[in-house]
Structure formats: C-alpha cells, structure tokens
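Novice: Data: run_26.txt, compact mmCIF, C-alpha atoms and all ligand atoms.
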# COMPACT_ATOMS: atom_id res chain seq x y z
CA MET T 298 -71.47 -5.42 11.33
CA LYS T 299 -69.17 -5.38 8.34
CA ARG T 300 -69.26 -8.21 5.85
CA PRO T 301 -66.30 -10.54 6.23
CA ARG T 302 -64.23 -10.21 3.08
CA LEU T 303 -63.30 -13.84 2.53
CA PRO T 304 -64.64 -16.98 4.11
CA ARG T 305 -61.71 -18.57 5.93
CA THR T 306 -61.23 -22.25 6.58
CA PRO T 307 -62.54 -22.72 10.07
CA ARG T 308 -60.13 -24.01 12.69
CA LEU T 309 -62.05 -22.99 15.74
CA SER T 310 -60.74 -22.64 19.28
CA ARG T 311 -62.68 -23.93 22.27
CA ASP T 312 -63.81 -20.41 23.08
CA ALA T 313 -65.03 -19.87 19.52
CA LYS T 314 -66.96 -23.16 19.52
CA GLN T 315 -68.59 -22.12 22.77
CA LEU T 316 -69.62 -18.80 21.18
CA LEU T 317 -71.17 -20.69 18.25
CA ARG T 318 -73.08 -23.04 20.52
CA LEU T 319 -74.56 -20.22 22.60
CA ALA T 320 -75.35 -17.95 19.63
CA ILE T 321 -77.15 -20.78 17.83
CA ALA T 322 -79.09 -21.66 21.01
CA LEU T 323 -80.09 -18.02 21.44
CA SER T 324 -81.17 -17.71 17.82
CA VAL T 325 -83.62 -20.64 18.07
CA SER T 326 -84.94 -19.79 21.52
CA ALA T 327 -88.71 -19.28 21.43
CA SER T 328 -89.35 -17.06 24.41
CA ARG T 329 -87.96 -14.00 26.17
CA VAL T 330 -87.40 -16.11 29.27
CA GLU T 331 -85.24 -18.61 27.39
CA ASP T 332 -83.57 -15.73 25.49
CA ARG T 333 -82.39 -14.26 28.75
CA PHE T 334 -80.92 -17.60 29.84
CA TRP T 335 -78.80 -17.93 26.68
CA ALA T 336 -78.02 -14.24 26.38
CA HIS T 337 -76.63 -14.22 29.91
CA GLN T 338 -74.25 -17.09 29.12
CA LEU T 339 -73.32 -15.67 25.74
CA ASP T 340 -72.53 -12.28 27.31
CA ALA T 341 -70.30 -13.92 29.90
CA GLN T 342 -68.43 -15.86 27.21
CA ILE T 343 -67.97 -12.72 25.08
CA ASP T 344 -66.74 -10.75 28.12
CA SER T 345 -64.18 -13.44 28.85
CA VAL T 346 -62.91 -13.42 25.25
CA LEU T 347 -62.83 -9.60 25.17
CA ASP T 348 -60.94 -9.47 28.46
CA LYS T 349 -58.32 -11.78 26.98
CA GLY T 350 -58.13 -9.50 23.93
CA GLN T 351 -58.85 -12.45 21.62
CA GLU T 352 -60.20 -10.54 18.66
CA ASP T 353 -59.51 -13.52 16.35
CA THR T 354 -61.81 -15.74 18.38
CA LEU T 355 -64.70 -13.34 17.86
CA GLU T 356 -63.92 -12.89 14.18
CA SER T 357 -63.59 -16.61 13.50
CA ALA T 358 -66.92 -17.33 15.20
CA LEU T 359 -68.60 -14.57 13.16
CA ASP T 360 -67.00 -15.78 9.91
CA GLN T 361 -68.20 -19.30 10.61
CA LEU T 362 -71.82 -18.19 11.07
CA TRP T 363 -71.94 -15.59 8.26
CA THR T 364 -73.01 -17.98 5.53
CA ALA T 365 -73.81 -21.07 7.59
CA ASN T 366 -76.39 -19.61 9.97
CA PRO T 367 -77.49 -15.99 9.43
CA PRO T 368 -79.89 -15.81 12.41
CA ALA T 369 -77.14 -17.01 14.77
CA TYR T 370 -74.71 -14.58 13.09
CA ASP T 371 -77.07 -11.71 13.85
CA ALA T 372 -77.49 -12.86 17.46
CA LEU T 373 -73.72 -13.14 17.96
CA ALA T 374 -72.90 -9.89 16.16
CA GLN T 375 -75.45 -7.98 18.18
CA ALA T 376 -74.20 -9.46 21.45
CA ILE T 377 -70.55 -8.69 20.64
CA GLU T 378 -71.40 -5.10 19.70
CA THR T 379 -73.44 -4.69 22.86
CA ARG T 380 -70.69 -6.05 25.12
CA SER T 381 -67.94 -4.00 23.53
CA SER T 382 -69.85 -0.71 23.50
CA GLY T 383 -72.00 -0.99 26.62
CA LEU T 384 -70.72 -1.25 30.17
CA LEU T 385 -71.87 -1.21 33.75
CA SER T 386 -70.12 1.28 36.03
CA ALA T 387 -68.81 0.30 39.47
CA ASP T 388 -71.88 1.90 41.05
CA GLY T 389 -74.32 0.14 38.71
CA GLN T 390 -74.93 2.89 36.12
CA ASP T 391 -75.51 2.00 32.47
CA ILE T 392 -72.85 3.29 30.09
CA LEU T 393 -73.30 3.45 26.34
CA LEU T 394 -70.62 4.34 23.82
CA ILE T 395 -72.03 6.76 21.23
CA ALA T 396 -70.80 8.16 17.93
CA VAL T 397 -71.67 11.52 16.40
CA PRO T 398 -71.09 11.18 12.63
CA VAL T 399 -70.80 14.02 10.17
CA GLN T 400 -70.40 13.69 6.41
CA ALA T 401 -68.21 16.19 4.65
CA TRP T 402 -66.73 16.96 1.27
CA SER T 403 -64.28 19.60 0.25
CA ARG T 404 -62.11 20.60 -2.69
CA TYR T 405 -59.42 21.21 -0.07
CA SER T 406 -58.92 18.89 2.89
CA ILE T 407 -61.36 17.65 5.51
CA ALA T 408 -60.18 18.48 9.03
CA ALA T 409 -59.50 15.79 11.63
CA GLY T 410 -57.63 15.67 14.93
CA ALA T 411 -57.75 17.71 18.14
CA ILE T 412 -61.01 19.51 18.96
CA ALA T 413 -60.49 22.93 20.57
CA PRO T 414 -61.79 23.05 24.18
CA ALA T 415 -64.36 25.74 23.35
CA ARG T 416 -65.78 23.63 20.47
CA LEU T 417 -65.93 20.54 22.65
CA MET T 418 -67.86 22.53 25.24
CA GLU T 419 -70.32 23.70 22.56
CA LEU T 420 -70.80 20.14 21.30
CA ARG T 421 -71.46 18.96 24.83
CA THR T 422 -74.03 21.75 25.33
CA GLN T 423 -75.84 20.93 22.08
CA LEU T 424 -75.81 17.17 22.76
CA HIS T 425 -77.29 17.72 26.22
CA GLY T 426 -79.76 20.28 24.86
CA HIS T 427 -81.05 18.38 21.83
CA VAL T 428 -80.02 14.71 21.78
CA LEU T 429 -79.51 13.23 25.25
CA ALA T 430 -82.20 12.48 27.80
CA ALA T 431 -82.53 14.69 30.86
CA GLY T 432 -80.23 13.43 33.61
CA ALA T 433 -77.79 11.69 31.25
CA ARG T 434 -74.10 12.30 31.95
CA LEU T 435 -71.62 12.59 29.11
CA ALA T 436 -67.93 12.29 28.31
CA LEU T 437 -66.52 13.18 24.89
CA ALA T 438 -63.12 12.27 23.43
CA ASP T 439 -61.43 15.52 22.37
CA VAL T 440 -60.64 14.34 18.84
CA LEU T 441 -62.47 14.47 15.52
CA PHE T 442 -61.83 10.95 14.17
CA SER T 443 -61.47 9.88 10.56
CA PRO T 444 -62.79 6.34 9.93
CA ASP T 445 -59.31 4.78 10.02
CA GLN T 446 -58.60 6.34 13.41
CA LEU T 447 -61.46 4.73 15.31
CA PRO T 448 -60.50 1.93 17.73
CA ARG T 449 -59.69 -1.19 15.70
CA GLY T 450 -61.68 -4.22 16.74
CA PHE T 451 -64.08 -5.04 19.55
CA ALA T 452 -61.55 -5.41 22.36
CA ALA T 453 -59.98 -2.01 21.56
CA THR T 454 -63.46 -0.48 21.38
CA ARG T 455 -64.25 -1.79 24.82
CA THR T 456 -61.01 -0.45 26.26
CA PHE T 457 -61.81 2.93 24.73
CA ALA T 458 -65.34 2.81 26.18
CA ARG T 459 -63.87 2.06 29.63
CA GLY T 460 -61.75 5.21 29.51
CA LEU T 461 -64.74 7.32 28.53
CA ALA T 462 -66.94 5.67 31.15
CA ASP T 463 -64.63 6.84 33.92
CA ALA T 464 -64.79 10.40 32.58
CA ALA T 465 -68.58 10.30 32.12
CA GLY T 466 -69.14 9.70 35.82
CA GLN T 467 -67.61 13.13 36.46
CA GLU T 468 -69.22 14.79 33.40
CA GLN T 469 -65.70 15.36 32.07
CA ASP T 470 -64.07 14.81 28.70
CA MET T 471 -61.27 12.43 27.78
CA HIS T 472 -58.02 13.51 26.22
CA VAL T 473 -56.77 11.53 23.23
CA ASP T 474 -53.35 12.32 21.76
CA PRO T 475 -53.94 12.86 18.03
CA ALA T 476 -50.32 11.84 17.39
CA SER T 477 -51.20 8.34 18.64
CA LEU T 478 -53.78 7.88 15.86
CA ALA T 479 -53.38 6.55 12.33
CA GLN T 480 -52.63 9.07 9.62
CA VAL T 481 -55.70 10.49 7.89
CA ILE T 482 -56.11 9.25 4.32
CA PRO T 483 -57.26 12.23 2.26
CA PHE T 484 -60.51 11.80 0.36
CA VAL T 485 -62.68 14.42 -1.27
CA ALA T 486 -65.76 13.04 0.49
CA ASP T 487 -65.56 11.32 3.85
CA VAL T 488 -67.07 11.04 7.31
CA ARG T 489 -65.78 12.29 10.65
CA TYR T 490 -66.81 11.10 14.10
CA VAL T 491 -66.98 12.54 17.57
CA VAL T 492 -67.08 9.68 20.07
CA GLY T 493 -68.43 9.80 23.61
CA ALA T 494 -69.97 7.79 26.42
CA VAL T 495 -73.32 8.45 28.05
CA MET T 496 -74.04 7.36 31.63
CA VAL T 497 -77.60 6.92 32.91
CA ALA T 498 -79.33 5.25 35.85
CA PRO T 499 -80.40 1.68 34.97
CA GLY T 500 -83.70 1.52 33.09
CA THR T 501 -83.81 5.25 32.30
CA ALA T 502 -83.70 6.96 28.90
CA VAL T 503 -80.38 7.60 27.17
CA PHE T 504 -81.68 9.66 24.24
CA ARG T 505 -84.22 12.44 24.06
CA TRP T 506 -86.42 10.52 21.60
CA GLN T 507 -87.06 7.93 24.33
CA GLU T 508 -88.88 10.63 26.32
CA ALA T 509 -92.61 10.89 25.64
CA GLN T 510 -92.63 14.51 24.48
CA HIS T 511 -89.89 14.14 21.83
CA SER T 512 -89.70 12.33 18.50
CA ARG T 513 -86.63 11.03 16.70
CA GLU T 514 -87.45 13.30 13.73
CA GLN T 515 -87.52 16.38 15.94
CA VAL T 516 -84.23 15.38 17.58
CA MET T 517 -82.70 14.95 14.13
CA ARG T 518 -83.90 18.37 12.94
CA ASP T 519 -82.68 20.13 16.09
CA TRP T 520 -79.33 18.34 15.98
CA GLN T 521 -78.77 19.21 12.32
CA ALA T 522 -79.51 22.87 13.07
CA TYR T 523 -77.66 23.39 16.36
CA GLY T 524 -75.13 20.54 16.45
CA GLY T 525 -74.55 21.04 12.73
CA ALA T 526 -73.55 24.68 13.31
CA VAL T 527 -70.84 23.60 15.77
CA LEU T 528 -69.61 20.82 13.48
CA GLN T 529 -69.44 23.28 10.58
CA THR T 530 -67.00 25.48 12.52
CA MET T 531 -64.84 22.39 13.11
CA LEU T 532 -64.83 21.56 9.38
CA PRO T 533 -63.84 24.75 7.55
CA ALA T 534 -64.16 24.84 3.74
CA CYS T 535 -66.37 21.75 3.83
CA ILE T 536 -69.95 21.10 2.83
CA ILE T 537 -71.31 18.98 5.68
CA GLU T 538 -74.34 17.00 6.76
CA ALA T 539 -74.71 16.06 10.41
CA LEU T 540 -76.09 12.54 10.95
CA LEU T 541 -78.02 11.33 13.99
CA PRO T 542 -75.82 10.70 17.04
CA ASN T 543 -76.57 7.18 18.24
CA ALA T 544 -75.19 3.98 19.78
CA TYR T 545 -71.65 3.63 18.44
CA PHE T 546 -71.95 0.67 16.06
CA ASN T 547 -75.35 1.74 14.79
CA ALA T 548 -74.17 5.27 14.04
CA TRP T 549 -71.13 3.84 12.29
CA ARG T 550 -73.25 1.51 10.13
CA GLU T 551 -75.74 4.24 9.27
CA SER T 552 -72.94 6.60 8.25
CA ASP T 553 -71.44 3.85 6.04
CA LEU T 554 -74.81 3.51 4.31
CA ALA T 555 -75.41 7.23 3.98
CA GLY T 556 -71.81 7.82 2.88
CA ARG T 557 -72.30 5.96 -0.40
CA GLY T 558 -74.89 8.38 -1.80
CA TRP T 559 -73.00 11.29 -0.25
CA GLY T 560 -69.83 10.24 -2.11
CA LEU T 561 -71.67 10.19 -5.45
CA ARG T 562 -73.30 13.59 -4.98
CA ALA T 563 -70.05 15.06 -3.66
CA THR T 564 -68.16 13.83 -6.76
CA MET T 565 -70.51 15.65 -9.09
CA ASP T 566 -70.36 18.85 -7.00
CA TYR T 567 -66.59 18.49 -6.80
CA LEU T 568 -66.12 18.13 -10.57
CA ASN T 569 -68.30 21.18 -11.03
CA ALA T 570 -66.28 23.14 -8.45
CA VAL T 571 -62.83 22.13 -9.77
CA LEU T 572 -63.39 21.73 -13.52
CA ALA T 573 -66.54 23.80 -13.99
CA LEU T 574 -68.28 20.70 -15.35
CA PRO T 575 -71.97 20.68 -14.45
CA ALA T 576 -73.57 17.26 -13.95
CA ALA T 577 -75.28 17.56 -17.36
CA SER T 578 -71.86 17.37 -19.07
CA LEU T 579 -70.86 14.20 -17.18
CA CYS T 580 -71.32 10.51 -17.86
CA ALA T 581 -71.52 7.97 -14.98
CA VAL T 582 -70.29 4.45 -15.81
CA ILE T 583 -71.60 1.89 -13.30
CA ALA T 584 -70.08 -1.62 -13.14
CA PRO T 585 -70.14 -4.60 -10.73
CA PHE T 586 -66.80 -5.73 -9.21
CA HIS T 587 -66.26 -9.29 -8.08
CA ASP T 588 -63.77 -11.17 -5.99
CA HIS T 589 -65.31 -14.59 -5.38
CA VAL T 590 -68.66 -12.89 -5.05
CA LEU T 591 -69.99 -9.43 -5.88
CA GLU T 592 -68.08 -7.10 -3.55
CA GLU T 593 -68.86 -3.60 -4.74
CA TYR T 594 -69.91 -1.34 -7.54
CA ARG T 595 -67.57 1.27 -8.93
CA VAL T 596 -68.77 4.36 -10.71
CA GLY T 597 -66.42 6.15 -13.12
CA PHE T 598 -67.20 9.73 -14.07
CA THR T 599 -66.13 11.02 -17.50
CA ARG T 600 -67.08 13.94 -19.69
CA VAL T 601 -69.90 12.88 -22.03
CA GLY T 602 -68.20 11.43 -25.13
CA SER T 603 -64.79 10.95 -23.44
CA ASN T 604 -63.10 7.75 -22.20
CA ASP T 605 -60.96 9.53 -19.59
CA VAL T 606 -62.21 8.88 -16.06
CA LEU T 607 -61.95 12.13 -14.10
CA HIS T 608 -63.00 10.65 -10.78
CA GLY T 609 -64.55 7.53 -9.40
CA VAL T 610 -66.62 6.39 -6.46
CA VAL T 611 -66.63 2.95 -4.80
CA TRP T 612 -70.04 1.77 -3.62
CA PRO T 613 -69.35 -1.21 -1.32
CA LEU T 614 -72.04 -3.75 -0.52
CA ILE T 615 -72.98 -3.56 3.15
CA GLY T 616 -74.68 -6.04 5.49
CA ASN T 617 -76.85 -8.61 3.71
CA GLU T 618 -76.56 -7.06 0.25
CA ASP T 619 -75.59 -9.54 -2.49
CA GLU T 620 -76.11 -10.22 -6.23
CA ASN T 621 -79.83 -9.58 -5.80
CA THR T 622 -79.34 -6.08 -4.51
CA GLU T 623 -81.09 -3.22 -6.29
CA VAL T 624 -78.09 -1.01 -5.72
CA THR T 625 -77.68 -0.08 -9.39
CA SER T 626 -81.10 1.53 -9.54
CA GLU T 627 -80.27 3.39 -6.32
CA ILE T 628 -77.05 4.69 -7.87
CA GLU T 629 -78.87 5.64 -11.05
CA THR T 630 -81.60 7.48 -9.13
CA ILE T 631 -78.98 9.54 -7.29
CA VAL T 632 -76.98 10.58 -10.35
CA ARG T 633 -80.14 11.29 -12.38
CA ALA T 634 -81.54 13.43 -9.56
CA ALA T 635 -78.32 15.47 -9.75
CA GLY T 636 -78.98 16.01 -13.49
CA ILE T 637 -76.26 13.71 -14.88
CA GLY T 638 -75.90 13.90 -18.69
CA GLU T 639 -75.57 10.16 -19.33
CA VAL T 640 -75.64 6.87 -17.40
CA LEU T 641 -73.97 3.69 -18.66
CA MET T 642 -74.70 0.43 -16.89
CA LEU T 643 -72.07 -2.25 -17.61
CA SER T 644 -73.14 -5.80 -16.82
CA GLU T 645 -69.85 -7.67 -17.23
CA ARG T 646 -68.06 -8.68 -14.04
CA MET T 647 -64.98 -6.61 -13.34
CA PRO T 648 -62.03 -7.74 -11.19
CA LEU T 649 -61.20 -5.78 -8.03
CA GLU T 650 -58.15 -4.01 -9.43
CA TYR T 651 -56.08 -1.25 -7.89
CA CYS T 652 -53.28 1.02 -9.07
CA ASP T 653 -49.89 -0.66 -8.52
CA ASP T 654 -48.32 2.65 -7.56
CA CYS T 655 -50.77 4.39 -5.27
CA GLY T 656 -53.28 1.66 -4.43
CA ALA T 657 -56.25 3.66 -5.71
CA PRO T 658 -59.11 1.61 -7.14
CA LEU T 659 -59.37 1.55 -10.95
CA PHE T 660 -62.68 2.66 -12.46
CA PRO T 661 -64.66 1.65 -15.54
CA ASN T 662 -64.75 3.94 -18.56
CA PRO T 663 -67.50 3.88 -21.23
CA GLU T 664 -65.51 1.27 -23.23
CA GLY T 665 -65.60 -1.09 -20.26
CA GLU T 666 -61.85 -0.66 -19.61
CA LEU T 667 -60.45 -0.28 -16.10
CA VAL T 668 -58.52 2.96 -15.83
CA HIS T 669 -56.93 5.28 -13.29
CA ALA T 670 -59.07 8.27 -12.43
CA GLN T 671 -57.27 11.50 -13.20
CA ILE T 672 -58.07 15.18 -13.06
CA PRO T 673 -56.47 16.94 -16.10
CA GLU T 674 -53.08 18.53 -15.35
CA SER T 675 -54.42 22.04 -15.79
CA ALA T 676 -56.62 21.64 -12.72
CA GLU T 677 -55.30 21.42 -9.18
CA PRO T 678 -54.11 18.01 -7.97
CA ALA T 679 -56.76 16.31 -5.91
CA PRO T 680 -56.92 13.38 -3.52
CA HIS T 681 -58.79 10.24 -4.51
CA LEU T 682 -62.47 9.97 -3.87
CA HIS T 683 -64.00 7.16 -1.91
ZN ZN R 1 -52.20 5.45 -8.85
For this file, produce the structure as structure tokens.
Ligand SMILES: [Zn+2]
Specialist:
Amino acid sequence: MKRPRLPRTPRLSRDAKQLLRLAIALSVSASRVEDRFWAHQLDAQIDSVLDKGQEDTLESALDQLWTANPPAYDALAQAIETRSSGLLSADGQDILLIAVPVQAWSRYSIAAGAIAPARLMELRTQLHGHVLAAGARLALADVLFSPDQLPRGFAATRTFARGLADAAGQEQDMHVDPASLAQVIPFVADVRYVVGAVMVAPGTAVFRWQEAQHSREQVMRDWQAYGGAVLQTMLPACIIEALLPNAYFNAWRESDLAGRGWGLRATMDYLNAVLALPAASLCAVIAPFHDHVLEEYRVGFTRVGSNDVLHGVVWPLIGNEDENTEVTSEIETIVRAAGIGEVLMLSERMPLEYCDDCGAPLFPNPEGELVHAQIPESAEPAPHLH
C-alpha cells in the first residue's frame, strides 16, 4: 500500500464509515473464528464499493485510518488488495492476479509495450516450469508495462483481473492494445511488469514454493536464470535484474523497495558509461525533503569538488517509514559499496521542489543548494533518473 500523500479532511460517505467500522472490528478481533465473521462482512462491503467503481470511498477510508488507527489501516488495506486482485471463477476456481517485475537500466531507452507472441510463449513456459505450482492455469497480458501504465486504482485492477481470469480458464493470453496505455516516461533506471492471472482449484498451491519439494530461494534462482533470459531478450541494451513473480500488490511493493537501491547503483554505472566517471570520482549529496512531513530523500551526484549536479535519484519513503527511518545509512552503504569517492549528508530540511519547465525534481549540491541535474553538453542528452 502506498503512503497517502496528504491527510485530507474527512467527509466520509456511509459506505466509507461502514468500511471503517468493519476494519476496526476486524483489527481488534481476538480469534480466527471472529476474524472470519468480520472479514466476511468487510469483503462484502469492499466488493459492493468496487462494483460501484467508488475508488474515492476506498481511498477516503484508508486516509482516515492511516494515522488514526494503523492496525485497522493494515486490515483494510490488505482486504482491499485481496478483493481487487483475487477472484472466484464461475466454477469455483481461485484466481490470483500476479505481477512479474524486472528492474532495468540503460543509457538508451528501456523497452515497453507489445510482447511478441513467441516471447510471451517462452515466458509462459518458464513461469509454468519454475514459478507456478503443478496444475495451475495461467493467462498473461501481452504487454510489458511501465509503472504508469498499470491499471490505476483498485476498481480498475479488479476489472483487469476479471479479463485475465476469463482467459486463464482456457490457458490463453489476453490482448491489451498498447495504444490504449499511458505514454512511457523515460527514465535511465526503471521497472517493467508482465501481469497475469493464475487459476487453481480451491485450497491448492498457486506457487511452486508452496509445494514441499521446492523452496522460495530455489524458485528465485531458477526464475532469475531462465525467466531472466527471456526478459533480457525483451529489454535490449538494458542491464536487468528479474525479481520474484508474486501476488500483484506484493510484487509491486517489493519492486518499489528494490527499485530505490537499483536506481542509485544504476546512476553510478550510468555516469561511468556516459561520462567515463568511475564511482571514485563522484560525490553523493544526500538530503531529506519535507512537505508537511519527511517525504523522501534526494541524492545529487556531482564530480568530487564540483557543485554541478550531473544526475540525481529520488528515494521515496515507503510504507511505515518516517523521520525515524535509517534510510540514510542504507543509502550510504549502497554508494560506498559501489566505491563512491565522497558522501555528504545534509541535515537541513529541503522543500519538495521541481523544475518549472520540465517538472524534474531538483537535487542538492554540496553547497546545500537545490539545482537542476544536468549532463554536460558534450555528452549525449539523457532522460531524467528516478
Ligand atoms: Zn527542467
């Protein structure tokens, strides 16, 4: 679940109040038996709101609980994710929406869009061979999604899952028109997703690691080797890392988390590739950025001894992270492991400022000024980094 950006003044609908009541009741229930009672009612209420397409009702209930009642927030968030990404087929089969994330960086562009039929077939073979449980049926959408192209909101996610569920019953894939999707925003480092639905008999395993003879670690290794080889052919001129295919929202969250370190490492590799600047000649300037609360860290990369920011990386806070997070030491560990020449940790609060012209975030330089990241004119023009 993403952090809500700004707490809004609550003006809750009847449906939203009902969601709050049930989520709070579920969060204080003391037994599995009572859990089931509340969960059943909460699911029905969420289904009704999703069917009406009332995304705002779900969001307002989540916003209300975010600071006021974290355990109830978790209960509600989990239930909403479950109802929008898990379905029951007409003949009683369990259907789970899955995502297959892959991190990539490139000095050129990172591919997205239509997946060639032969590639889709190979992905399907590798998913069945290394990730999915025996007997699972699968449908894949025939598009490699950039993050902005994924279904927006829970109701849209559920509609998307419905389409895939129909295809999964026949072990077929689902066509998505790439022209119907948002335009890809070019970044040097980013993530791509293949999205699918898995259909299994109720109570049976979805993933291979649920079967006694397989471990999650083994599944991960096999997927990175065999699935990774297919994904690499879909992402030419990219350095990639395949992440574990999993339940849709979980895979999304995990790729958000992993993407932060990936973005930092990719920036250093990128500056070396484009400007022939090894990490040892770079300085990383780390600073906290606040709106009302701490929202993110931004890391500006300069040459050692220079105030010109060549590139920058945004490190957003995710989930429960707040002022007490140890994120800065995590950032420092990553850049030091890459052999960075210098690290500067700024403690003053910076405002969340963006370029008026292109909307790119501004990054801190060693003087503590917020500046536009820019590759020198002599080098090729490059898109902004995450
Ligand atoms: Zn700009």
Novice: List as a Markdown table every residue of chain T that is in contact with ligand ZN 1 (chain R), defined as an atom at most 8 Å from one of its atoms (using all atoms listed in the file), together with the nearest atom pair and the distance in Å rounded to one decimal, sorted by chain and then rising number.
Specialist:
| residue | atom | partner | partner_atom | distance |
| --- | --- | --- | --- | --- |
| T:Tyr651 | CA | R:ZN1 | ZN | 7.8 |
| T:Cys652 | CA | R:ZN1 | ZN | 4.6 |
| T:Asp653 | CA | R:ZN1 | ZN | 6.5 |
| T:Asp654 | CA | R:ZN1 | ZN | 5.0 |
| T:Cys655 | CA | R:ZN1 | ZN | 4.0 |
| T:Gly656 | CA | R:ZN1 | ZN | 5.9 |
| T:Ala657 | CA | R:ZN1 | ZN | 5.4 |
| T:His669 | CA | R:ZN1 | ZN | 6.5 |
Novice: To one decimal place in Å, what is the distance between atom CA of Leu607 of chain T and atom CA of Leu568 of chain T?
Specialist: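 It comes out at 8.1 Å.
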Novice: Please provide the set of residues having any atom within 12 Å of Arg449 of chain T, restricted to all atoms listed in the file, with same-chain residues fewer than 3 positions apart removed, written as a ChimeraX atom specification.
Specialist: /T:350,352,381,444-446,452-457,478-479
Novice: One decimal, in Å: what's the spacing between atom CA of Ala494 of chain T and atom CA of Ala409 of chain T?
Specialist: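 Spanning atom CA of Ala494 of chain T to atom CA of Ala409 of chain T is a straight-line distance of 19.8 Å.
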Novice: Which residues, protein or nucleic acid, reach to within 10 Å of (-66.6, 13.2, 30.5) in the file's coordinates when using only C-alpha atoms, and can you give that as a PDB file with C-alpha atoms, in the coordinates of the input?
Specialist:
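selection-v4.pdb written:
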ATOM      1  CA  ARG T 421     -71.460  18.960  24.830  1.00  0.00           C
ATOM      2  CA  ARG T 434     -74.100  12.300  31.950  1.00  0.00           C
ATOM      3  CA  LEU T 435     -71.620  12.590  29.110  1.00  0.00           C
ATOM      4  CA  ALA T 436     -67.930  12.290  28.310  1.00  0.00           C
ATOM      5  CA  LEU T 437     -66.520  13.180  24.890  1.00  0.00           C
ATOM      6  CA  ALA T 438     -63.120  12.270  23.430  1.00  0.00           C
ATOM      7  CA  ASP T 439     -61.430  15.520  22.370  1.00  0.00           C
ATOM      8  CA  GLY T 460     -61.750   5.210  29.510  1.00  0.00           C
ATOM      9  CA  LEU T 461     -64.740   7.320  28.530  1.00  0.00           C
ATOM     10  CA  ALA T 462     -66.940   5.670  31.150  1.00  0.00           C
ATOM     11  CA  ASP T 463     -64.630   6.840  33.920  1.00  0.00           C
ATOM     12  CA  ALA T 464     -64.790  10.400  32.580  1.00  0.00           C
ATOM     13  CA  ALA T 465     -68.580  10.300  32.120  1.00  0.00           C
ATOM     14  CA  GLY T 466     -69.140   9.700  35.820  1.00  0.00           C
ATOM     15  CA  GLN T 467     -67.610  13.130  36.460  1.00  0.00           C
ATOM     16  CA  GLU T 468     -69.220  14.790  33.400  1.00  0.00           C
ATOM     17  CA  GLN T 469     -65.700  15.360  32.070  1.00  0.00           C
ATOM     18  CA  ASP T 470     -64.070  14.810  28.700  1.00  0.00           C
ATOM     19  CA  MET T 471     -61.270  12.430  27.780  1.00  0.00           C
ATOM     20  CA  HIS T 472     -58.020  13.510  26.220  1.00  0.00           C
ATOM     21  CA  GLY T 493     -68.430   9.800  23.610  1.00  0.00           C
ATOM     22  CA  ALA T 494     -69.970   7.790  26.420  1.00  0.00           C
ATOM     23  CA  VAL T 495     -73.320   8.450  28.050  1.00  0.00           C
ATOM     24  CA  MET T 496     -74.040   7.360  31.630  1.00  0.00           C
TER      25      MET T 496
END
Novice: So the first atom is atom CA of Leu614 of chain T and the second is atom CA of Ile537 of chain T; what is the distance between them in Å, to one decimal place?
Specialist: 23.6 Å
Novice: Between T:Ala534, T:Met565, T:Ala581, T:Val485, which residue has the minimum interatomic distance to Trp402 of chain T, considering only C-alpha atoms?
Specialist: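 With only C-alpha atoms as the atom set, the closest residue is T:Val485.
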Novice: Ranking T:Ser644, T:Gln529, T:Thr622, T:Thr564 by minimum distance to Phe586 of chain T and counting all atoms listed in the file, which one comes first?
Specialist: T:Ser644
Novice: Might you pull out every residue within 9 Å of Leu649 of chain T, with all atoms listed in the file counted and same-chain residues fewer than 3 positions away left off, and present them as a CSV table (one decimal) with C-alpha atoms, in the coordinates of the input?
Specialist:
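Result went into result36.csv, see below:
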chain,number,residue,atom,x,y,z
T,586,PHE,CA,-66.8,-5.7,-9.2
T,587,HIS,CA,-66.3,-9.3,-8.1
T,588,ASP,CA,-63.8,-11.2,-6.0
T,592,GLU,CA,-68.1,-7.1,-3.6
T,593,GLU,CA,-68.9,-3.6,-4.7
T,658,PRO,CA,-59.1,1.6,-7.1
T,659,LEU,CA,-59.4,1.6,-11.0
Novice: Nearest residue to Ser552 of chain T out of T:Ala358, T:Ile392, T:Leu532, T:Val488, using all atoms listed in the file?
Specialist: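 That would be T:Val488, the residue with the smallest distance to Ser552 of chain T.
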Novice: Could you check the closest approach to Ala413 of chain T for each of T:Phe660, T:Asp332, T:Glu666, T:Met531 and tell me which residue wins, using only C-alpha atoms?
Specialist: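 Checking each of T:Phe660, T:Asp332, T:Glu666, T:Met531 against Ala413 of chain T, counting only C-alpha atoms, the winner is T:Met531.
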Novice: Identify which of the residues T:Ser443, T:Gln375, T:Gln423, T:Asn617 lies closest to Ile343 of chain T, counting all atoms listed in the file when measuring atom-to-atom distances.
Specialist: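 Using all atoms listed in the file, Ile343 of chain T sits closest to T:Gln375.
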Novice: Using only C-alpha atoms, which of T:Ile583, T:His425, T:Pro475, T:Ala573 sits nearest Tyr523 of chain T?
Specialist: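 Selected residue with least distance to Tyr523 of chain T: T:His425.
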Novice: Contacts of Ala584 of chain T at 7 Å or less, counting all atoms listed in the file, minus same-chain residues fewer than 6 places along, as a PyMOL selection string?
Specialist: chain T and resi 594-596+642-644+661
Novice: Find the residues near Asn543 of chain T: any atom within 6 Å, counting all atoms listed in the file, skip ones fewer than 5 places away on the same chain, and give them as a PDB file with C-alpha atoms, in the frame of the given file.
Specialist:
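Here's the written file part.pdb:
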ATOM      1  CA  ILE T 395     -72.030   6.760  21.230  1.00  0.00           C
ATOM      2  CA  ALA T 396     -70.800   8.160  17.930  1.00  0.00           C
ATOM      3  CA  ALA T 548     -74.170   5.270  14.040  1.00  0.00           C
TER       4      ALA T 548
END
Novice: Name the residues in contact with Arg505 of chain T at a cut-off of 8 Å, using only C-alpha atoms, excluding same-chain residues fewer than 3 positions from it; report them as a ChimeraX atom specification.
Specialist: /T:427-431,502,508,511-513,516
Novice: Box along x, y and z, 6 Å on every side, all listed atoms of segment 645-664 of chain T inside: centre and edge lengths in Å to one decimal, as JSON.
Specialist:
{"center_x": -59.1, "center_y": -2.1, "center_z": -13.8, "size_x": 33.5, "size_y": 25.1, "size_z": 30.8}
